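J.: Got a structure here, written out as structure tokens. Questions coming.
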Amino acid sequence: MASSKRKMNRRTALAEAARMTGAVCLGGFSLAALIQSTAKADARAMRPPGAQPEADFLSACVRCGLCVQACPYGTLSLAEWGQEPPVGTPFFTPREVPCYMCRDVPCARACPTGALDSTIAIRDAEMGVAVLVGHEDCLNYKGMNCSICVRVCPIRGDAITLEPGEANGRAIMIPTVHSDHCTGCGTCEKHCVTGHASIRVLPRDLGLGGQGRNRAGRAT
Amino acid sequence: MIGWWISDSRRLGVQAHGLLRAHKWWLLRRISQLSVLGLFVLGPMAGIWIARGNFAASEIGGVVTLGDPYIVVQSLFGGSVPALPVAGGALIVLLFYLVVGGRVYCGWVCPVNVVTDAAHWLREKTGLTRDRKLDRRTRLAILGSTLVASVLTGTIAWEFVNPVSLLQRAFISGIGFGWAIILAVFLLDLFVSRRAWCSHLCPVGAFYGLVGKGAVVRVSAANRDACTDCGACFTICPEPHVIVPALKGNESPVILSGDCQNCGGCIDACPVDVFRVSTRWNRPAGRGGQA
């Protein structure tokens, strides 16, 4: 770029403007490419209750950490460089510290940006959904009566219930998640006795089958 | 005796006014930077909750919400309409810097300033003065880029990289591998170019430079007739180009450029007291106009 003191005629002014535009496009597209490669939320990192869908969340959340400081249980933290979610955004890892579902939702109330819906009732939160992923390891599937996940669930009797089933010709009680009640708080995952937790919280789009039929590869 | 650690640009000032007065504004700036960060660190570290949040948005004394105007602008470009608390908070901060000078943020608040000042000091003491010239308008291009990227990705784009946010969070919540970015800024300023980051590349500084174009509080070369051409102010100034029109021109002696950080470095360094803090309208009688 030329010195700003150089005498400007229309030609050089236009050339300067074009160069600046070019530089802005170069920088803009490079930064956009970088963000596209990193901005995906991780399936192991849950957003606080009341969080907008991820695409809206990333343009609203300024990464101030007011939700983190409002949480009385130290559940939330801001992502550091190298952790799964985009750097600076709030998340929690249910296996370490789950969401204890405070009735007054202090984290969402503290959000100044609208990235978290400050009017949310905690029972309506959709942080994720619990999924029994480890059928081979779950003690109930082995015929034992562990049922820890059912008993620790803060929405007891609604979000996870024991449903009779059969495995290897034996009657078993299967922990079954009801997604319309489950908030994804992660208490079940936290307390599951197997090595890596047989029941885990997943983002709802990964954890649920979805209604309707699969349209992929079909003539409609 | 003048210690070896005193930077060359301050030596004449120290000789003329003593160690303390030649570091007066420098000391005040460091105290300011430390206090702002300290207020936020007191909560998580000591349980004294005067300020909650961090530089991006905060709640002061449980009463006022503040917000970072540059982040809120990116949020708008990213397609989000910020809620009232953070939008109002950003406006308060914006008004504050409109009065005291936009880049006062850089000199008096931003923690990266301490890193780059350290690099600059080390650069001088090790004699690494070979310079690769960068265009200082690069930062405007980067500022534009962050807004373009915010639109393209629907995010607050610069926050994925911003060393300023990383460094303040390092003390308030955590930084992880982000130290690599801070180290990169330090090495850039040490080995590649004088004042490379803060005065040429950082879009946060560029943003506040635009905010500061009409700032009320400004440094004035009020006593410019006394200038001995020693060059101390030019070598200490992070944006030397801002001094020229005020000190050597025939117009107003007030430094009007938005790039000026009001850091007071020139006031500290000048052995003959040319500079003082003033307002943008202040033109001492009998001087200035036709010097």
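In the structure tokens, chains take the letters A, B, ... in the order shown, each chain's residues start at 1, and ligands count up from 1 in the order shown.
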Hey, which bits of chain B sit within 7 Å of chain A, and for each residue what's the closest pair of atoms and how far apart in Å (one decimal), counting only C-alpha atoms, rows by chain and increasing number, as a tab-separated table?
T.:
```
residue	atom	partner	partner_atom	distance
B:Arg52	CA	A:Leu66	CA	6.4
B:Gly53	CA	A:Leu66	CA	4.6
B:Asn54	CA	A:Cys64	CA	5.2
B:Phe55	CA	A:Cys64	CA	6.9
B:Ala56	CA	A:Cys64	CA	5.0
B:Ala57	CA	A:Cys64	CA	5.0
B:Ser58	CA	A:Cys64	CA	6.8
B:Ile71	CA	A:Val62	CA	6.7
B:Ser75	CA	A:Ser59	CA	5.1
B:Gly78	CA	A:Ser59	CA	5.2
B:Gly79	CA	A:Ser59	CA	6.6
B:Ser80	CA	A:Ala60	CA	5.7
B:Pro82	CA	A:Thr113	CA	5.3
B:Ala83	CA	A:Thr113	CA	4.7
B:Pro85	CA	A:Pro112	CA	5.1
B:Val86	CA	A:Pro112	CA	5.2
B:Ala141	CA	A:Val24	CA	4.9
B:Ile142	CA	A:Gly27	CA	6.2
B:Gly144	CA	A:Val24	CA	5.6
B:Ser145	CA	A:Gly28	CA	3.8
B:Thr146	CA	A:Gly28	CA	5.9
B:Val148	CA	A:Gly28	CA	5.1
B:Ala149	CA	A:Gly28	CA	4.7
B:Leu152	CA	A:Ala32	CA	6.5
B:Thr153	CA	A:Ala32	CA	6.0
B:Gly154	CA	A:Ser59	CA	5.7
B:Thr155	CA	A:Ser59	CA	4.0
B:Ile156	CA	A:Ser59	CA	5.2
B:Phe160	CA	A:Val87	CA	6.1
B:Ser173	CA	A:Leu78	CA	6.9
B:Gly174	CA	A:Glu80	CA	6.0
B:Ile175	CA	A:Glu80	CA	4.8
B:Gly176	CA	A:Glu80	CA	4.9
B:Phe177	CA	A:Trp81	CA	5.0
B:Gly178	CA	A:Trp81	CA	5.0
```
J.: Tell me, as a list in words, which residues lie within 12 Å of Val36 in chain B, counting only C-alpha atoms; anything in the same chain fewer than 2 positions away does not count.
T.: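 The residues satisfying every condition are Arg29, Arg30, Ile31, Ser32, Gln33, Leu34, Gly38, Leu39, Phe40, Val41, Leu42, Ile50, Ala51, Arg52, Asn54, Phe55, Ser58, Ile60, Tyr105, Trp108, Val109, Cys110, Pro111, Gln168, Phe171 and Ile172 of chain B.
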J.: For Ile148 in chain A, work out the shell of residues within 8 Å, counting only C-alpha atoms and skipping chain neighbours fewer than 2 positions away, then give it as an MDAnalysis selection string.
T.: chainID A and resid 146 150:152 188 191:193
J.: Using C-alpha atoms, can you export the residues from the last selection as a CSV table (one decimal), in the first residue's frame?
T.:
```
chain,number,residue,atom,x,y,z
A,146,CYS,CA,-28.3,-51.5,39.2
A,150,VAL,CA,-33.0,-44.1,37.3
A,151,ARG,CA,-32.5,-43.3,41.0
A,152,VAL,CA,-30.2,-40.3,40.6
A,188,CYS,CA,-27.2,-40.2,35.1
A,191,HIS,CA,-23.2,-41.5,38.4
A,192,CYS,CA,-23.2,-44.5,36.0
A,193,VAL,CA,-20.9,-47.1,37.5
```
J.: May I have all residues of range 75-203 of chain A that DSSP, computed from the backbone, assigns to strand (DSSP E), given as a PyMOL selection string?
T.: chain A and resi 77-78+90-91+129-132+160-167+170-177+199-202
J.: Can you measure CA of Ile160 in chain A to CA of Gln211 in chain A for me? One decimal in Å is fine.
T.: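 Pair CA of Ile160 in chain A / CA of Gln211 in chain A returns 20.3 Å.
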J.: Counting only C-alpha atoms, figure out which residue out of B:Lys133, B:Arg123, B:Arg103, B:Arg276 gets nearest to Phe207 in chain B.
T.: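 Of all the options, B:Arg103 lies closest to Phe207 in chain B.
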J.: Could you go through range 75-214 of chain A and tell me which residues DSSP, when run on the backbone, assigns to helix (DSSP H, G or I), listing them as number ranges by chain?
T.: A: 106-110, 122-124, 148-152, 187-191, 204-207
J.: Could you write out the selected residues, including C-alpha atoms, as a PDB file, in the first residue's frame?
T.:
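Contents of again_28.pdb, as written:
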```
ATOM      1  CA  PRO A 106     -28.879 -18.512  37.747  1.00  0.00           C
ATOM      2  CA  CYS A 107     -26.639 -19.113  34.722  1.00  0.00           C
ATOM      3  CA  ALA A 108     -29.317 -18.244  32.178  1.00  0.00           C
ATOM      4  CA  ARG A 109     -30.529 -15.310  34.295  1.00  0.00           C
ATOM      5  CA  ALA A 110     -26.991 -13.891  34.323  1.00  0.00           C
ATOM      6  CA  ILE A 122     -35.291 -25.486  34.022  1.00  0.00           C
ATOM      7  CA  ARG A 123     -37.646 -28.389  33.231  1.00  0.00           C
ATOM      8  CA  ASP A 124     -37.953 -27.025  29.676  1.00  0.00           C
ATOM      9  CA  ILE A 148     -28.417 -46.016  39.488  1.00  0.00           C
ATOM     10  CA  CYS A 149     -29.330 -43.804  36.543  1.00  0.00           C
ATOM     11  CA  VAL A 150     -33.025 -44.085  37.321  1.00  0.00           C
ATOM     12  CA  ARG A 151     -32.523 -43.321  40.993  1.00  0.00           C
ATOM     13  CA  VAL A 152     -30.237 -40.302  40.608  1.00  0.00           C
ATOM     14  CA  THR A 187     -26.671 -36.619  36.405  1.00  0.00           C
ATOM     15  CA  CYS A 188     -27.195 -40.183  35.116  1.00  0.00           C
ATOM     16  CA  GLU A 189     -23.974 -40.059  33.103  1.00  0.00           C
ATOM     17  CA  LYS A 190     -22.093 -38.659  36.096  1.00  0.00           C
ATOM     18  CA  HIS A 191     -23.163 -41.515  38.383  1.00  0.00           C
ATOM     19  CA  ARG A 204     -30.418 -33.781  20.882  1.00  0.00           C
ATOM     20  CA  ASP A 205     -29.797 -33.949  17.147  1.00  0.00           C
ATOM     21  CA  LEU A 206     -27.319 -36.783  17.714  1.00  0.00           C
ATOM     22  CA  GLY A 207     -29.206 -38.559  20.476  1.00  0.00           C
TER      23      GLY A 207
END
```
J.: Extract, using only C-alpha atoms, all DNA, RNA and protein residues at most 10 Å from Gly258 in chain B, discarding same-chain residues fewer than 6 positions from it, and format them as a ChimeraX atom specification.
T.: /B:101-103,206-215,218,242
J.: Skipping near chain neighbours, those fewer than 4 positions away, what residues fall within 10 Å of Ala269 in chain B using only C-alpha atoms, listed as a PDB file with N, CA, C and O atoms, in the first residue's frame?
T.:
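What ended up in selection15.pdb:
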```pdb
ATOM      1  N   SER B   7      14.955   2.614  29.414  1.00  0.00           N
ATOM      2  CA  SER B   7      14.956   2.603  27.954  1.00  0.00           C
ATOM      3  C   SER B   7      15.582   3.898  27.446  1.00  0.00           C
ATOM      4  O   SER B   7      15.500   4.945  28.078  1.00  0.00           O
ATOM      5  N   ASP B   8      16.221   3.809  26.283  1.00  0.00           N
ATOM      6  CA  ASP B   8      16.970   4.945  25.732  1.00  0.00           C
ATOM      7  C   ASP B   8      16.105   6.192  25.610  1.00  0.00           C
ATOM      8  O   ASP B   8      16.550   7.294  25.841  1.00  0.00           O
ATOM      9  N   SER B   9      14.837   5.973  25.241  1.00  0.00           N
ATOM     10  CA  SER B   9      13.981   7.119  24.984  1.00  0.00           C
ATOM     11  C   SER B   9      13.654   7.897  26.259  1.00  0.00           C
ATOM     12  O   SER B   9      13.212   9.033  26.196  1.00  0.00           O
ATOM     13  N   ARG B  10      13.867   7.275  27.422  1.00  0.00           N
ATOM     14  CA  ARG B  10      13.551   7.966  28.674  1.00  0.00           C
ATOM     15  C   ARG B  10      14.766   8.603  29.334  1.00  0.00           C
ATOM     16  O   ARG B  10      14.646   9.291  30.348  1.00  0.00           O
ATOM     17  N   ARG B  11      15.964   8.381  28.792  1.00  0.00           N
ATOM     18  CA  ARG B  11      17.185   8.810  29.488  1.00  0.00           C
ATOM     19  C   ARG B  11      17.234  10.317  29.698  1.00  0.00           C
ATOM     20  O   ARG B  11      17.553  10.787  30.794  1.00  0.00           O
ATOM     21  N   LEU B  12      16.902  11.071  28.654  1.00  0.00           N
ATOM     22  CA  LEU B  12      16.924  12.535  28.794  1.00  0.00           C
ATOM     23  C   LEU B  12      15.896  12.991  29.824  1.00  0.00           C
ATOM     24  O   LEU B  12      16.156  13.904  30.610  1.00  0.00           O
ATOM     25  N   GLY B  13      14.749  12.328  29.820  1.00  0.00           N
ATOM     26  CA  GLY B  13      13.704  12.644  30.782  1.00  0.00           C
ATOM     27  C   GLY B  13      14.157  12.373  32.196  1.00  0.00           C
ATOM     28  O   GLY B  13      13.916  13.166  33.107  1.00  0.00           O
ATOM     29  N   VAL B  14      14.821  11.242  32.397  1.00  0.00           N
ATOM     30  CA  VAL B  14      15.305  10.876  33.727  1.00  0.00           C
ATOM     31  C   VAL B  14      16.353  11.882  34.197  1.00  0.00           C
ATOM     32  O   VAL B  14      16.343  12.332  35.345  1.00  0.00           O
ATOM     33  N   ALA B  16      16.600  14.986  33.318  1.00  0.00           N
ATOM     34  CA  ALA B  16      16.004  16.290  33.564  1.00  0.00           C
ATOM     35  C   ALA B  16      15.094  16.289  34.779  1.00  0.00           C
ATOM     36  O   ALA B  16      15.062  17.271  35.539  1.00  0.00           O
ATOM     37  N   HIS B  17      14.343  15.192  34.973  1.00  0.00           N
ATOM     38  CA  HIS B  17      13.279  15.235  35.982  1.00  0.00           C
ATOM     39  C   HIS B  17      13.379  14.163  37.051  1.00  0.00           C
ATOM     40  O   HIS B  17      12.555  14.122  37.956  1.00  0.00           O
ATOM     41  N   ARG B  21       9.503  10.942  37.961  1.00  0.00           N
ATOM     42  CA  ARG B  21       8.674  11.768  37.085  1.00  0.00           C
ATOM     43  C   ARG B  21       8.792  11.342  35.627  1.00  0.00           C
ATOM     44  O   ARG B  21       7.855  11.502  34.849  1.00  0.00           O
ATOM     45  N   ALA B  22       9.906  10.765  35.254  1.00  0.00           N
ATOM     46  CA  ALA B  22      10.063  10.294  33.885  1.00  0.00           C
ATOM     47  C   ALA B  22       9.329   8.972  33.652  1.00  0.00           C
ATOM     48  O   ALA B  22       9.330   8.434  32.551  1.00  0.00           O
ATOM     49  N   HIS B  23       8.747   8.430  34.709  1.00  0.00           N
ATOM     50  CA  HIS B  23       7.946   7.210  34.569  1.00  0.00           C
ATOM     51  C   HIS B  23       6.526   7.406  35.080  1.00  0.00           C
ATOM     52  O   HIS B  23       5.804   6.447  35.288  1.00  0.00           O
ATOM     53  N   LYS B  24       6.154   8.676  35.322  1.00  0.00           N
ATOM     54  CA  LYS B  24       4.868   8.950  35.958  1.00  0.00           C
ATOM     55  C   LYS B  24       3.702   8.335  35.184  1.00  0.00           C
ATOM     56  O   LYS B  24       2.933   7.551  35.737  1.00  0.00           O
ATOM     57  N   TRP B  25       3.590   8.645  33.913  1.00  0.00           N
ATOM     58  CA  TRP B  25       2.452   8.151  33.130  1.00  0.00           C
ATOM     59  C   TRP B  25       2.547   6.654  32.889  1.00  0.00           C
ATOM     60  O   TRP B  25       1.551   5.951  32.842  1.00  0.00           O
ATOM     61  N   GLY B 231      14.283  14.094  19.933  1.00  0.00           N
ATOM     62  CA  GLY B 231      13.704  12.881  19.357  1.00  0.00           C
ATOM     63  C   GLY B 231      13.167  11.892  20.372  1.00  0.00           C
ATOM     64  O   GLY B 231      12.694  10.811  20.004  1.00  0.00           O
ATOM     65  N   ALA B 232      13.223  12.238  21.660  1.00  0.00           N
ATOM     66  CA  ALA B 232      12.794  11.293  22.699  1.00  0.00           C
ATOM     67  C   ALA B 232      11.325  10.905  22.529  1.00  0.00           C
ATOM     68  O   ALA B 232      10.955   9.736  22.664  1.00  0.00           O
ATOM     69  N   CYS B 233      10.471  11.893  22.225  1.00  0.00           N
ATOM     70  CA  CYS B 233       9.039  11.598  22.090  1.00  0.00           C
ATOM     71  C   CYS B 233       8.781  10.654  20.930  1.00  0.00           C
ATOM     72  O   CYS B 233       7.932   9.762  21.013  1.00  0.00           O
ATOM     73  N   PHE B 234       9.531  10.833  19.828  1.00  0.00           N
ATOM     74  CA  PHE B 234       9.308   9.970  18.665  1.00  0.00           C
ATOM     75  C   PHE B 234       9.733   8.533  18.949  1.00  0.00           C
ATOM     76  O   PHE B 234       9.114   7.582  18.482  1.00  0.00           O
ATOM     77  N   THR B 235      10.817   8.365  19.730  1.00  0.00           N
ATOM     78  CA  THR B 235      11.262   6.991  19.969  1.00  0.00           C
ATOM     79  C   THR B 235      10.414   6.283  21.018  1.00  0.00           C
ATOM     80  O   THR B 235      10.276   5.066  20.984  1.00  0.00           O
ATOM     81  N   ILE B 236       9.802   7.046  21.925  1.00  0.00           N
ATOM     82  CA  ILE B 236       8.985   6.373  22.941  1.00  0.00           C
ATOM     83  C   ILE B 236       7.577   6.121  22.430  1.00  0.00           C
ATOM     84  O   ILE B 236       6.902   5.179  22.853  1.00  0.00           O
ATOM     85  N   CYS B 237       7.109   6.912  21.482  1.00  0.00           N
ATOM     86  CA  CYS B 237       5.707   6.850  21.053  1.00  0.00           C
ATOM     87  C   CYS B 237       5.412   5.582  20.262  1.00  0.00           C
ATOM     88  O   CYS B 237       6.149   5.233  19.338  1.00  0.00           O
ATOM     89  N   GLY B 264       0.767   9.063  27.352  1.00  0.00           N
ATOM     90  CA  GLY B 264       1.597   9.982  28.126  1.00  0.00           C
ATOM     91  C   GLY B 264       3.087   9.695  28.027  1.00  0.00           C
ATOM     92  O   GLY B 264       3.873  10.289  28.754  1.00  0.00           O
ATOM     93  N   GLY B 265       3.474   8.802  27.136  1.00  0.00           N
ATOM     94  CA  GLY B 265       4.889   8.475  26.971  1.00  0.00           C
ATOM     95  C   GLY B 265       5.707   9.704  26.614  1.00  0.00           C
ATOM     96  O   GLY B 265       6.791   9.933  27.164  1.00  0.00           O
ATOM     97  N   ASP B 273       9.549  19.508  28.839  1.00  0.00           N
ATOM     98  CA  ASP B 273       8.122  19.688  29.135  1.00  0.00           C
ATOM     99  C   ASP B 273       7.318  20.318  27.998  1.00  0.00           C
ATOM    100  O   ASP B 273       6.568  21.272  28.200  1.00  0.00           O
ATOM    101  N   VAL B 274       7.484  19.764  26.816  1.00  0.00           N
ATOM    102  CA  VAL B 274       6.711  20.273  25.680  1.00  0.00           C
ATOM    103  C   VAL B 274       5.243  19.836  25.785  1.00  0.00           C
ATOM    104  O   VAL B 274       4.332  20.591  25.485  1.00  0.00           O
ATOM    105  N   PHE B 275       5.045  18.605  26.254  1.00  0.00           N
ATOM    106  CA  PHE B 275       3.709  18.010  26.178  1.00  0.00           C
ATOM    107  C   PHE B 275       2.960  18.096  27.501  1.00  0.00           C
ATOM    108  O   PHE B 275       3.549  18.061  28.575  1.00  0.00           O
TER     109      PHE B 275
END
```
J.: Looking at A:Cys71, A:Leu139, A:Ile155, A:Cys185, which one is nearest to Met127 in chain A, with distances taken over only C-alpha atoms?
T.: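 For Met127 in chain A, the nearest of the candidates is A:Cys185.
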J.: Might you pull out every residue within 8 Å of Val192 in chain B, with only C-alpha atoms counted and same-chain residues fewer than 3 positions away left off, and present them as a VMD selection string?
T.: chain B and resid 131 to 132 187 to 189 196
